[in-house]
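Chemist: structure.cif is reproduced below (mmCIF, N, CA and C atoms).
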data_my_file
loop_
_atom_site.label_atom_id
_atom_site.label_comp_id
_atom_site.auth_asym_id
_atom_site.auth_seq_id
_atom_site.Cartn_x
_atom_site.Cartn_y
_atom_site.Cartn_z
N MET T 597 80.72 102.27 105.17
CA MET T 597 79.51 102.82 105.75
C MET T 597 79.81 103.11 107.22
N PHE T 598 79.37 104.26 107.69
CA PHE T 598 79.56 104.65 109.07
C PHE T 598 78.21 104.76 109.76
N HIS T 599 78.19 104.41 111.03
CA HIS T 599 76.98 104.55 111.84
C HIS T 599 77.30 105.44 113.03
N ALA T 600 76.34 106.26 113.36
CA ALA T 600 76.50 107.12 114.52
C ALA T 600 76.05 106.35 115.75
N ILE T 601 76.86 106.37 116.77
CA ILE T 601 76.50 105.75 118.03
C ILE T 601 76.58 106.84 119.09
N ILE T 602 75.51 107.01 119.85
CA ILE T 602 75.46 108.04 120.88
C ILE T 602 75.83 107.39 122.21
N LEU T 603 76.83 107.96 122.86
CA LEU T 603 77.33 107.40 124.10
C LEU T 603 77.05 108.32 125.28
N GLY T 604 76.61 107.71 126.36
CA GLY T 604 76.51 108.40 127.63
C GLY T 604 75.50 109.54 127.69
N ALA T 605 75.46 110.16 128.86
CA ALA T 605 74.50 111.23 129.15
C ALA T 605 74.84 112.49 128.37
N GLU T 606 76.08 112.64 127.97
CA GLU T 606 76.48 113.84 127.23
C GLU T 606 76.13 113.75 125.75
N GLN T 607 75.55 112.63 125.35
CA GLN T 607 75.14 112.43 123.96
C GLN T 607 76.31 112.58 122.99
N GLU T 608 77.46 112.10 123.40
CA GLU T 608 78.63 112.14 122.52
C GLU T 608 78.40 111.21 121.34
N VAL T 609 78.67 111.70 120.13
CA VAL T 609 78.46 110.90 118.93
C VAL T 609 79.80 110.35 118.47
N VAL T 610 79.84 109.05 118.29
CA VAL T 610 81.03 108.37 117.79
C VAL T 610 80.62 107.65 116.51
N TYR T 611 81.41 107.79 115.47
CA TYR T 611 81.10 107.10 114.21
C TYR T 611 81.92 105.82 114.14
N VAL T 612 81.23 104.73 113.86
CA VAL T 612 81.86 103.42 113.79
C VAL T 612 81.74 102.91 112.36
N GLU T 613 82.84 102.47 111.80
CA GLU T 613 82.81 101.94 110.44
C GLU T 613 82.23 100.53 110.45
N GLU T 614 81.41 100.28 109.44
CA GLU T 614 80.77 98.97 109.31
C GLU T 614 81.21 98.37 107.99
N SER T 615 81.56 97.10 108.02
CA SER T 615 81.97 96.44 106.78
C SER T 615 80.75 96.24 105.88
N GLU T 616 81.02 95.98 104.62
CA GLU T 616 79.93 95.75 103.67
C GLU T 616 79.11 94.53 104.10
N LYS T 617 79.78 93.51 104.58
CA LYS T 617 79.10 92.30 105.03
C LYS T 617 78.18 92.61 106.23
N GLU T 618 78.67 93.40 107.16
CA GLU T 618 77.86 93.78 108.32
C GLU T 618 76.66 94.63 107.89
N ASN T 619 76.89 95.51 106.92
CA ASN T 619 75.82 96.36 106.41
C ASN T 619 74.73 95.50 105.76
N VAL T 620 75.12 94.55 104.95
CA VAL T 620 74.15 93.66 104.30
C VAL T 620 73.39 92.86 105.35
N LYS T 621 74.10 92.37 106.33
CA LYS T 621 73.46 91.58 107.40
C LYS T 621 72.43 92.42 108.16
N ARG T 622 72.79 93.67 108.44
CA ARG T 622 71.87 94.57 109.14
C ARG T 622 70.64 94.85 108.28
N LEU T 623 70.86 95.13 107.00
CA LEU T 623 69.73 95.41 106.10
C LEU T 623 68.82 94.20 105.95
N GLU T 624 69.40 93.00 105.91
CA GLU T 624 68.59 91.79 105.86
C GLU T 624 67.74 91.65 107.12
N PHE T 625 68.32 91.99 108.26
CA PHE T 625 67.57 91.97 109.52
C PHE T 625 66.41 92.95 109.47
N TYR T 626 66.67 94.18 108.99
CA TYR T 626 65.60 95.17 108.86
C TYR T 626 64.51 94.66 107.92
N GLN T 627 64.92 94.03 106.83
CA GLN T 627 63.95 93.50 105.87
C GLN T 627 63.07 92.44 106.53
N ARG T 628 63.68 91.57 107.32
CA ARG T 628 62.88 90.53 108.00
C ARG T 628 61.88 91.17 108.96
N MET T 629 62.33 92.21 109.68
CA MET T 629 61.41 92.89 110.60
C MET T 629 60.27 93.54 109.84
N LEU T 630 60.57 94.22 108.75
CA LEU T 630 59.52 94.85 107.94
C LEU T 630 58.61 93.80 107.32
N GLY T 631 59.18 92.68 106.91
CA GLY T 631 58.39 91.60 106.34
C GLY T 631 57.34 91.08 107.30
N GLU T 632 57.67 91.09 108.57
CA GLU T 632 56.71 90.64 109.58
C GLU T 632 55.53 91.59 109.71
N THR T 633 55.71 92.83 109.27
CA THR T 633 54.62 93.80 109.39
C THR T 633 53.65 93.74 108.21
N VAL T 634 54.04 93.02 107.15
CA VAL T 634 53.17 92.91 105.97
C VAL T 634 52.05 91.94 106.29
N ASP T 635 50.83 92.40 106.14
CA ASP T 635 49.65 91.58 106.41
C ASP T 635 49.50 90.54 105.30
N ALA T 636 49.76 89.29 105.64
CA ALA T 636 49.72 88.20 104.66
C ALA T 636 48.31 87.98 104.12
N GLU T 637 47.31 88.36 104.86
CA GLU T 637 45.94 88.22 104.37
C GLU T 637 45.63 89.25 103.28
N ARG T 638 46.13 90.45 103.44
CA ARG T 638 45.87 91.52 102.46
C ARG T 638 46.88 91.53 101.34
N TYR T 639 48.13 91.18 101.62
CA TYR T 639 49.21 91.28 100.65
C TYR T 639 50.02 89.98 100.58
N PRO T 640 49.38 88.89 100.20
CA PRO T 640 50.09 87.60 100.21
C PRO T 640 51.25 87.54 99.20
N TRP T 641 51.12 88.24 98.07
CA TRP T 641 52.22 88.22 97.09
C TRP T 641 53.44 88.94 97.64
N PHE T 642 53.24 90.12 98.23
CA PHE T 642 54.36 90.86 98.81
C PHE T 642 55.04 90.03 99.90
N ARG T 643 54.23 89.41 100.73
CA ARG T 643 54.77 88.60 101.83
C ARG T 643 55.58 87.43 101.28
N LEU T 644 55.03 86.77 100.25
CA LEU T 644 55.73 85.64 99.64
C LEU T 644 57.08 86.06 99.06
N VAL T 645 57.08 87.18 98.35
CA VAL T 645 58.33 87.69 97.76
C VAL T 645 59.38 87.90 98.84
N MET T 646 58.98 88.48 99.97
CA MET T 646 59.92 88.74 101.05
C MET T 646 60.35 87.46 101.76
N GLU T 647 59.42 86.54 101.97
CA GLU T 647 59.74 85.32 102.70
C GLU T 647 60.76 84.46 101.96
N ILE T 648 60.64 84.41 100.63
CA ILE T 648 61.58 83.56 99.89
C ILE T 648 62.71 84.36 99.25
N ASN T 649 62.77 85.64 99.58
CA ASN T 649 63.87 86.51 99.15
C ASN T 649 64.01 86.60 97.63
N LEU T 650 62.90 86.81 96.94
CA LEU T 650 62.99 87.02 95.50
C LEU T 650 63.64 88.38 95.23
N SER T 651 64.47 88.41 94.24
CA SER T 651 65.09 89.68 93.84
C SER T 651 64.12 90.45 92.96
N GLU T 652 64.43 91.72 92.73
CA GLU T 652 63.60 92.54 91.84
C GLU T 652 63.55 91.92 90.45
N ASP T 653 64.69 91.42 89.97
CA ASP T 653 64.73 90.78 88.65
C ASP T 653 63.85 89.53 88.61
N GLU T 654 63.86 88.76 89.69
CA GLU T 654 63.03 87.55 89.73
C GLU T 654 61.54 87.90 89.73
N VAL T 655 61.16 88.96 90.44
CA VAL T 655 59.76 89.40 90.43
C VAL T 655 59.38 89.87 89.03
N THR T 656 60.27 90.60 88.39
CA THR T 656 60.02 91.06 87.02
C THR T 656 59.83 89.86 86.09
N GLU T 657 60.64 88.82 86.27
CA GLU T 657 60.50 87.61 85.45
C GLU T 657 59.13 86.97 85.63
N VAL T 658 58.63 86.96 86.86
CA VAL T 658 57.30 86.39 87.12
C VAL T 658 56.24 87.19 86.37
N PHE T 659 56.31 88.51 86.47
CA PHE T 659 55.33 89.35 85.78
C PHE T 659 55.45 89.22 84.26
N ASN T 660 56.67 89.10 83.76
CA ASN T 660 56.86 88.88 82.33
C ASN T 660 56.25 87.55 81.90
N LEU T 661 56.43 86.52 82.71
CA LEU T 661 55.84 85.21 82.43
C LEU T 661 54.32 85.33 82.34
N PHE T 662 53.71 86.04 83.27
CA PHE T 662 52.26 86.19 83.26
C PHE T 662 51.78 86.99 82.05
N ASN T 663 52.56 87.97 81.64
CA ASN T 663 52.20 88.72 80.42
C ASN T 663 52.24 87.81 79.20
N ILE T 664 53.26 86.97 79.10
CA ILE T 664 53.36 86.02 77.99
C ILE T 664 52.20 85.03 78.03
N LEU T 665 51.89 84.51 79.22
CA LEU T 665 50.78 83.56 79.36
C LEU T 665 49.46 84.20 78.96
N GLY T 666 49.28 85.46 79.32
CA GLY T 666 48.05 86.17 78.95
C GLY T 666 47.90 86.26 77.44
N LYS T 667 48.99 86.55 76.75
CA LYS T 667 48.97 86.62 75.28
C LYS T 667 48.69 85.24 74.69
N GLN T 668 49.32 84.22 75.26
CA GLN T 668 49.10 82.85 74.76
C GLN T 668 47.65 82.42 74.97
N LYS T 669 47.08 82.82 76.10
CA LYS T 669 45.68 82.48 76.37
C LYS T 669 44.78 83.10 75.31
N GLU T 670 45.02 84.36 74.97
CA GLU T 670 44.23 85.03 73.93
C GLU T 670 44.38 84.32 72.59
N GLU T 671 45.59 83.92 72.26
CA GLU T 671 45.83 83.20 71.00
C GLU T 671 45.08 81.87 70.98
N LEU T 672 45.07 81.16 72.10
CA LEU T 672 44.34 79.89 72.17
C LEU T 672 42.84 80.13 71.99
N ARG T 673 42.33 81.15 72.64
CA ARG T 673 40.91 81.48 72.53
C ARG T 673 40.54 81.86 71.09
N GLU T 674 41.39 82.69 70.47
CA GLU T 674 41.13 83.11 69.09
C GLU T 674 41.15 81.93 68.13
N ALA T 675 41.96 80.92 68.44
CA ALA T 675 42.03 79.72 67.61
C ALA T 675 40.88 78.76 67.91
N GLY T 676 40.04 79.14 68.88
CA GLY T 676 38.90 78.31 69.23
C GLY T 676 39.22 77.16 70.17
N LEU T 677 40.40 77.19 70.76
CA LEU T 677 40.79 76.11 71.68
C LEU T 677 40.35 76.46 73.09
N LEU T 678 39.70 75.52 73.72
CA LEU T 678 39.21 75.74 75.08
C LEU T 678 40.12 75.12 76.14
N ASP T 679 40.97 74.18 75.71
CA ASP T 679 41.87 73.50 76.64
C ASP T 679 43.06 74.41 76.93
N LEU T 680 43.19 74.81 78.19
CA LEU T 680 44.27 75.71 78.58
C LEU T 680 45.45 74.97 79.23
N THR T 681 45.46 73.66 79.10
CA THR T 681 46.54 72.87 79.67
C THR T 681 47.92 73.33 79.19
N PRO T 682 48.09 73.73 77.90
CA PRO T 682 49.41 74.23 77.49
C PRO T 682 49.88 75.44 78.31
N LEU T 683 48.93 76.27 78.73
CA LEU T 683 49.30 77.41 79.59
C LEU T 683 49.82 76.93 80.93
N LEU T 684 49.14 75.94 81.48
CA LEU T 684 49.57 75.38 82.76
C LEU T 684 50.97 74.81 82.66
N LEU T 685 51.22 74.07 81.60
CA LEU T 685 52.55 73.46 81.42
C LEU T 685 53.62 74.54 81.27
N HIS T 686 53.33 75.58 80.52
CA HIS T 686 54.28 76.69 80.36
C HIS T 686 54.52 77.38 81.70
N PHE T 687 53.44 77.64 82.42
CA PHE T 687 53.53 78.31 83.72
C PHE T 687 54.39 77.51 84.70
N VAL T 688 54.07 76.24 84.86
CA VAL T 688 54.80 75.41 85.82
C VAL T 688 56.25 75.22 85.39
N GLY T 689 56.46 75.07 84.08
CA GLY T 689 57.81 74.85 83.59
C GLY T 689 58.71 76.07 83.65
N MET T 690 58.13 77.25 83.53
CA MET T 690 58.94 78.47 83.48
C MET T 690 58.95 79.27 84.79
N LEU T 691 58.10 78.90 85.72
CA LEU T 691 58.05 79.63 86.99
C LEU T 691 59.33 79.41 87.78
N ASN T 692 59.79 80.45 88.43
CA ASN T 692 60.98 80.39 89.27
C ASN T 692 60.85 79.20 90.23
N ALA T 693 61.92 78.42 90.33
CA ALA T 693 61.91 77.20 91.15
C ALA T 693 61.65 77.49 92.63
N LYS T 694 61.88 78.72 93.07
CA LYS T 694 61.63 79.07 94.47
C LYS T 694 60.13 79.16 94.77
N LEU T 695 59.32 79.29 93.72
CA LEU T 695 57.90 79.54 93.89
C LEU T 695 57.06 78.29 93.67
N ASP T 696 56.07 78.10 94.52
CA ASP T 696 55.08 77.06 94.33
C ASP T 696 54.02 77.61 93.37
N PRO T 697 53.68 76.88 92.31
CA PRO T 697 52.73 77.40 91.32
C PRO T 697 51.37 77.79 91.90
N LEU T 698 50.78 76.95 92.74
CA LEU T 698 49.45 77.24 93.27
C LEU T 698 49.48 78.44 94.23
N ILE T 699 50.45 78.47 95.11
CA ILE T 699 50.57 79.59 96.05
C ILE T 699 50.82 80.89 95.29
N THR T 700 51.64 80.82 94.26
CA THR T 700 51.93 82.02 93.45
C THR T 700 50.67 82.54 92.78
N ALA T 701 49.94 81.63 92.12
CA ALA T 701 48.71 82.03 91.42
C ALA T 701 47.69 82.61 92.40
N LYS T 702 47.52 81.96 93.53
CA LYS T 702 46.55 82.44 94.53
C LYS T 702 46.95 83.79 95.10
N SER T 703 48.24 83.96 95.41
CA SER T 703 48.67 85.22 96.04
C SER T 703 48.60 86.39 95.06
N LEU T 704 48.99 86.15 93.81
CA LEU T 704 48.87 87.21 92.81
C LEU T 704 47.41 87.56 92.55
N HIS T 705 46.57 86.54 92.46
CA HIS T 705 45.13 86.76 92.24
C HIS T 705 44.55 87.60 93.37
N HIS T 706 44.89 87.24 94.59
CA HIS T 706 44.34 87.93 95.77
C HIS T 706 44.71 89.41 95.77
N GLN T 707 45.89 89.73 95.25
CA GLN T 707 46.32 91.12 95.20
C GLN T 707 45.87 91.82 93.92
N GLY T 708 45.08 91.15 93.12
CA GLY T 708 44.49 91.79 91.94
C GLY T 708 45.31 91.71 90.67
N HIS T 709 46.32 90.87 90.64
CA HIS T 709 47.16 90.74 89.45
C HIS T 709 46.69 89.57 88.60
N PHE T 710 46.49 89.82 87.30
CA PHE T 710 46.18 88.77 86.33
C PHE T 710 45.04 87.87 86.81
N GLN T 711 43.97 88.47 87.28
CA GLN T 711 42.92 87.71 87.96
C GLN T 711 42.27 86.64 87.08
N GLU T 712 41.90 86.98 85.86
CA GLU T 712 41.25 85.98 85.01
C GLU T 712 42.20 84.83 84.70
N LEU T 713 43.43 85.16 84.36
CA LEU T 713 44.43 84.14 84.07
C LEU T 713 44.68 83.28 85.29
N ASN T 714 44.80 83.91 86.45
CA ASN T 714 45.04 83.14 87.67
C ASN T 714 43.84 82.27 88.04
N ASN T 715 42.63 82.72 87.76
CA ASN T 715 41.46 81.85 87.97
C ASN T 715 41.62 80.56 87.18
N ASP T 716 42.03 80.71 85.91
CA ASP T 716 42.24 79.53 85.06
C ASP T 716 43.36 78.65 85.60
N LEU T 717 44.48 79.27 85.97
CA LEU T 717 45.61 78.49 86.47
C LEU T 717 45.28 77.77 87.78
N ILE T 718 44.59 78.45 88.66
CA ILE T 718 44.21 77.84 89.94
C ILE T 718 43.30 76.64 89.69
N ARG T 719 42.32 76.81 88.81
CA ARG T 719 41.40 75.72 88.47
C ARG T 719 42.19 74.52 87.91
N LEU T 720 43.11 74.79 87.00
CA LEU T 720 43.89 73.71 86.39
C LEU T 720 44.85 73.07 87.40
N LEU T 721 45.46 73.89 88.24
CA LEU T 721 46.38 73.33 89.25
C LEU T 721 45.65 72.43 90.24
N LYS T 722 44.40 72.77 90.52
CA LYS T 722 43.61 71.91 91.41
C LYS T 722 43.16 70.64 90.69
N LYS T 723 42.93 70.76 89.38
CA LYS T 723 42.51 69.60 88.57
C LYS T 723 43.67 68.63 88.38
N TYR T 724 44.88 69.17 88.21
CA TYR T 724 46.08 68.36 87.96
C TYR T 724 47.13 68.66 89.02
N PRO T 725 46.89 68.28 90.26
CA PRO T 725 47.88 68.60 91.31
C PRO T 725 49.19 67.84 91.09
N SER T 726 50.28 68.49 91.41
CA SER T 726 51.59 67.83 91.29
C SER T 726 51.75 66.79 92.38
N ASN T 727 51.05 66.98 93.48
CA ASN T 727 51.07 66.02 94.57
C ASN T 727 49.73 65.29 94.56
N PRO T 728 49.69 64.01 94.20
CA PRO T 728 48.41 63.29 94.10
C PRO T 728 47.63 63.24 95.41
N MET T 729 48.30 63.54 96.53
CA MET T 729 47.62 63.49 97.83
C MET T 729 46.82 64.77 98.09
N GLU T 730 46.99 65.79 97.25
CA GLU T 730 46.28 67.07 97.45
C GLU T 730 44.82 66.92 97.13
#
How would this structure read if it were set down as structure tokens?

Modeler:
Amino acid sequence: MFHAIILGAEQEVVYVEESEKENVKRLEFYQRMLGETVDAERYPWFRLVMEINLSEDEVTEVFNLFNILGKQKEELREAGLLDLTPLLLHFVGMLNAKLDPLITAKSLHHQGHFQELNNDLIRLLKKYPSNPME
């Protein structure tokens, strides 16, 4: 990768080669700067993804998990079961270890993703906190 560097008053352009490692480091820096511009109040899920450096595949896995949970919730309802604790256990057990379950559910809910399911998960996570001091 080459970068143009403009030198002096004559605006002379010099191209400097950048190693792949330097390029990645620069792009990570740009990402951090852009991440700071994301309004955490309006876009908490986007901000969370950037702060903990989730990959596109990891984000896809989260959305796939929520799709599976949504189907399981419907199956439980159709079977007449009102206890959604199995959904909570599946969610907590399968969620990416980088993510906090409550923060994830709240941030996705706030951005309009899986709202009904997240309402249930948030309620259950508050009922059964992993930290008894919460």

Chemist: Which residues are close to T:Asn715, i.e. within 9 Å by only C-alpha atoms, leaving aside same-chain residues fewer than 3 positions away? Reply as an mmCIF file with N, CA and C atoms, in the coordinates of the input.

Modeler:
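Below is the file part03.cif, written as the result:
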data_model
loop_
_atom_site.group_PDB
_atom_site.id
_atom_site.type_symbol
_atom_site.label_atom_id
_atom_site.label_comp_id
_atom_site.auth_asym_id
_atom_site.auth_seq_id
_atom_site.Cartn_x
_atom_site.Cartn_y
_atom_site.Cartn_z
ATOM 1 N N ALA T 701 49.940 81.630 92.120
ATOM 2 C CA ALA T 701 48.710 82.030 91.420
ATOM 3 C C ALA T 701 47.690 82.610 92.400
ATOM 4 N N LYS T 702 47.520 81.960 93.530
ATOM 5 C CA LYS T 702 46.550 82.440 94.530
ATOM 6 C C LYS T 702 46.950 83.790 95.100
ATOM 7 N N HIS T 705 46.570 86.540 92.460
ATOM 8 C CA HIS T 705 45.130 86.760 92.240
ATOM 9 C C HIS T 705 44.550 87.600 93.370
ATOM 10 N N PHE T 710 46.490 89.820 87.300
ATOM 11 C CA PHE T 710 46.180 88.770 86.330
ATOM 12 C C PHE T 710 45.040 87.870 86.810
ATOM 13 N N GLN T 711 43.970 88.470 87.280
ATOM 14 C CA GLN T 711 42.920 87.710 87.960
ATOM 15 C C GLN T 711 42.270 86.640 87.080
ATOM 16 N N GLU T 712 41.900 86.980 85.860
ATOM 17 C CA GLU T 712 41.250 85.980 85.010
ATOM 18 C C GLU T 712 42.200 84.830 84.700
ATOM 19 N N ILE T 718 44.590 78.450 88.660
ATOM 20 C CA ILE T 718 44.210 77.840 89.940
ATOM 21 C C ILE T 718 43.300 76.640 89.690
ATOM 22 N N ARG T 719 42.320 76.810 88.810
ATOM 23 C CA ARG T 719 41.400 75.720 88.470
ATOM 24 C C ARG T 719 42.190 74.520 87.910
ATOM 25 N N LEU T 720 43.110 74.790 87.000
ATOM 26 C CA LEU T 720 43.890 73.710 86.390
ATOM 27 C C LEU T 720 44.850 73.070 87.400
#

Chemist: Between T:Leu644, T:Ala636, T:Asn692, T:Leu677, single out the one closest to T:Glu657, counting only C-alpha atoms.

Modeler: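 Nearest candidate to T:Glu657 out of T:Leu644, T:Ala636, T:Asn692, T:Leu677: T:Asn692.
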
Chemist: When you draw a straight line from atom CA of T:Met690 to atom C of T:Val658, how long is it in Å?

Modeler: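 Separating atom CA of T:Met690 from atom C of T:Val658 is a distance of 9.6 Å.
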
Chemist: Using only C-alpha atoms for the distances, tell me which of T:Leu672, T:Leu698, T:Val645, T:Leu661 is nearest to T:His686.

Modeler: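 Smallest separation from T:His686 among the options: T:Leu661.
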
Chemist: If DSSP is run on the backbone, what residues of stretch 600-711 of chain T are strand (DSSP E)? A reply as an MDAnalysis selection string would be ideal.

Modeler: chainID T and resid 600:603 608:613

Chemist: Pull out every residue that the PyMOL selection byres (((chain T and resi 643 and name CA) around 12) and name CA) matches in the shown coordinates and put them as JSON, numbers by chain.

Modeler: {"T": [627, 628, 629, 630, 631, 632, 633, 634, 635, 636, 637, 638, 639, 640, 641, 642, 644, 645, 646, 647, 648, 649, 650, 699, 700, 703, 704, 707]}

Chemist: Restricting it to N, CA and C atoms, dump the selection as a compact mmCIF listing (two decimals), in the frame of the given file.

Modeler:
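Once written, out18.txt looks like this:
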# COMPACT_ATOMS: atom_id res chain seq x y z
N GLN T 627 64.92 94.03 106.83
CA GLN T 627 63.95 93.50 105.87
C GLN T 627 63.07 92.44 106.53
N ARG T 628 63.68 91.57 107.32
CA ARG T 628 62.88 90.53 108.00
C ARG T 628 61.88 91.17 108.96
N MET T 629 62.33 92.21 109.68
CA MET T 629 61.41 92.89 110.60
C MET T 629 60.27 93.54 109.84
N LEU T 630 60.57 94.22 108.75
CA LEU T 630 59.52 94.85 107.94
C LEU T 630 58.61 93.80 107.32
N GLY T 631 59.18 92.68 106.91
CA GLY T 631 58.39 91.60 106.34
C GLY T 631 57.34 91.08 107.30
N GLU T 632 57.67 91.09 108.57
CA GLU T 632 56.71 90.64 109.58
C GLU T 632 55.53 91.59 109.71
N THR T 633 55.71 92.83 109.27
CA THR T 633 54.62 93.80 109.39
C THR T 633 53.65 93.74 108.21
N VAL T 634 54.04 93.02 107.15
CA VAL T 634 53.17 92.91 105.97
C VAL T 634 52.05 91.94 106.29
N ASP T 635 50.83 92.40 106.14
CA ASP T 635 49.65 91.58 106.41
C ASP T 635 49.50 90.54 105.30
N ALA T 636 49.76 89.29 105.64
CA ALA T 636 49.72 88.20 104.66
C ALA T 636 48.31 87.98 104.12
N GLU T 637 47.31 88.36 104.86
CA GLU T 637 45.94 88.22 104.37
C GLU T 637 45.63 89.25 103.28
N ARG T 638 46.13 90.45 103.44
CA ARG T 638 45.87 91.52 102.46
C ARG T 638 46.88 91.53 101.34
N TYR T 639 48.13 91.18 101.62
CA TYR T 639 49.21 91.28 100.65
C TYR T 639 50.02 89.98 100.58
N PRO T 640 49.38 88.89 100.20
CA PRO T 640 50.09 87.60 100.21
C PRO T 640 51.25 87.54 99.20
N TRP T 641 51.12 88.24 98.07
CA TRP T 641 52.22 88.22 97.09
C TRP T 641 53.44 88.94 97.64
N PHE T 642 53.24 90.12 98.23
CA PHE T 642 54.36 90.86 98.81
C PHE T 642 55.04 90.03 99.90
N LEU T 644 55.03 86.77 100.25
CA LEU T 644 55.73 85.64 99.64
C LEU T 644 57.08 86.06 99.06
N VAL T 645 57.08 87.18 98.35
CA VAL T 645 58.33 87.69 97.76
C VAL T 645 59.38 87.90 98.84
N MET T 646 58.98 88.48 99.97
CA MET T 646 59.92 88.74 101.05
C MET T 646 60.35 87.46 101.76
N GLU T 647 59.42 86.54 101.97
CA GLU T 647 59.74 85.32 102.70
C GLU T 647 60.76 84.46 101.96
N ILE T 648 60.64 84.41 100.63
CA ILE T 648 61.58 83.56 99.89
C ILE T 648 62.71 84.36 99.25
N ASN T 649 62.77 85.64 99.58
CA ASN T 649 63.87 86.51 99.15
C ASN T 649 64.01 86.60 97.63
N LEU T 650 62.90 86.81 96.94
CA LEU T 650 62.99 87.02 95.50
C LEU T 650 63.64 88.38 95.23
N ILE T 699 50.45 78.47 95.11
CA ILE T 699 50.57 79.59 96.05
C ILE T 699 50.82 80.89 95.29
N THR T 700 51.64 80.82 94.26
CA THR T 700 51.93 82.02 93.45
C THR T 700 50.67 82.54 92.78
N SER T 703 48.24 83.96 95.41
CA SER T 703 48.67 85.22 96.04
C SER T 703 48.60 86.39 95.06
N LEU T 704 48.99 86.15 93.81
CA LEU T 704 48.87 87.21 92.81
C LEU T 704 47.41 87.56 92.55
N GLN T 707 45.89 89.73 95.25
CA GLN T 707 46.32 91.12 95.20
C GLN T 707 45.87 91.82 93.92

Chemist: If I take atom N of T:Lys694 and atom CA of T:Ser726, how far is one from the other in Å, to one decimal?

Modeler: 15.1 Å

Chemist: For T:Asn714, which residue out of T:Glu616, T:Phe662, T:Leu695, T:Asp653 is the nearest one, using only C-alpha atoms?

Modeler: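 Checking each of T:Glu616, T:Phe662, T:Leu695, T:Asp653 against T:Asn714, counting only C-alpha atoms, the winner is T:Phe662.
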
Chemist: So the first atom is atom C of T:His706 and the second is atom CA of T:Asp679; what is the distance between them in Å, to one decimal place?

Modeler: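 The value is 25.0 Å.
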
Chemist: Hey, what's within 8 Å of T:Leu665 if we count all atoms listed in the file and toss same-chain stuff fewer than 3 positions away? As a PDB file with N, CA and C atoms, in the coordinates of the input, please?

Modeler:
ATOM      1  N   PHE T 659      56.310  88.510  86.470  1.00  0.00           N
ATOM      2  CA  PHE T 659      55.330  89.350  85.780  1.00  0.00           C
ATOM      3  C   PHE T 659      55.450  89.220  84.260  1.00  0.00           C
ATOM      4  N   ASN T 660      56.670  89.100  83.760  1.00  0.00           N
ATOM      5  CA  ASN T 660      56.860  88.880  82.330  1.00  0.00           C
ATOM      6  C   ASN T 660      56.250  87.550  81.900  1.00  0.00           C
ATOM      7  N   LEU T 661      56.430  86.520  82.710  1.00  0.00           N
ATOM      8  CA  LEU T 661      55.840  85.210  82.430  1.00  0.00           C
ATOM      9  C   LEU T 661      54.320  85.330  82.340  1.00  0.00           C
ATOM     10  N   PHE T 662      53.710  86.040  83.270  1.00  0.00           N
ATOM     11  CA  PHE T 662      52.260  86.190  83.260  1.00  0.00           C
ATOM     12  C   PHE T 662      51.780  86.990  82.050  1.00  0.00           C
ATOM     13  N   GLN T 668      49.320  84.220  75.260  1.00  0.00           N
ATOM     14  CA  GLN T 668      49.100  82.850  74.760  1.00  0.00           C
ATOM     15  C   GLN T 668      47.650  82.420  74.970  1.00  0.00           C
ATOM     16  N   LYS T 669      47.080  82.820  76.100  1.00  0.00           N
ATOM     17  CA  LYS T 669      45.680  82.480  76.370  1.00  0.00           C
ATOM     18  C   LYS T 669      44.780  83.100  75.310  1.00  0.00           C
ATOM     19  N   GLU T 670      45.020  84.360  74.970  1.00  0.00           N
ATOM     20  CA  GLU T 670      44.230  85.030  73.930  1.00  0.00           C
ATOM     21  C   GLU T 670      44.380  84.320  72.590  1.00  0.00           C
ATOM     22  N   GLU T 671      45.590  83.920  72.260  1.00  0.00           N
ATOM     23  CA  GLU T 671      45.830  83.200  71.000  1.00  0.00           C
ATOM     24  C   GLU T 671      45.080  81.870  70.980  1.00  0.00           C
ATOM     25  N   LEU T 683      48.930  76.270  78.730  1.00  0.00           N
ATOM     26  CA  LEU T 683      49.300  77.410  79.590  1.00  0.00           C
ATOM     27  C   LEU T 683      49.820  76.930  80.930  1.00  0.00           C
ATOM     28  N   HIS T 686      53.330  75.580  80.520  1.00  0.00           N
ATOM     29  CA  HIS T 686      54.280  76.690  80.360  1.00  0.00           C
ATOM     30  C   HIS T 686      54.520  77.380  81.700  1.00  0.00           C
ATOM     31  N   PHE T 687      53.440  77.640  82.420  1.00  0.00           N
ATOM     32  CA  PHE T 687      53.530  78.310  83.720  1.00  0.00           C
ATOM     33  C   PHE T 687      54.390  77.510  84.700  1.00  0.00           C
ATOM     34  N   LEU T 713      43.430  85.160  84.360  1.00  0.00           N
ATOM     35  CA  LEU T 713      44.430  84.140  84.070  1.00  0.00           C
ATOM     36  C   LEU T 713      44.680  83.280  85.290  1.00  0.00           C
TER      37      LEU T 713
END

Chemist: Might I get the box with edges along x, y and z of the file that holds all atoms of stretch 719-723 of chain T listed there, padded by 3 Å on every side, given as centre and edge lengths in Å to one decimal, as AutoDock Vina command-line options?

Modeler:
--center_x 43.9 --center_y 72.7 --center_z 88.9 --size_x 11.0 --size_y 14.2 --size_z 11.0

Chemist: DSSP says alpha helix (DSSP H) for which residues of stretch 665-713 of chain T? Put them as a ChimeraX atom specification?

Modeler: /T:665-674,681-690,697-706,711-713
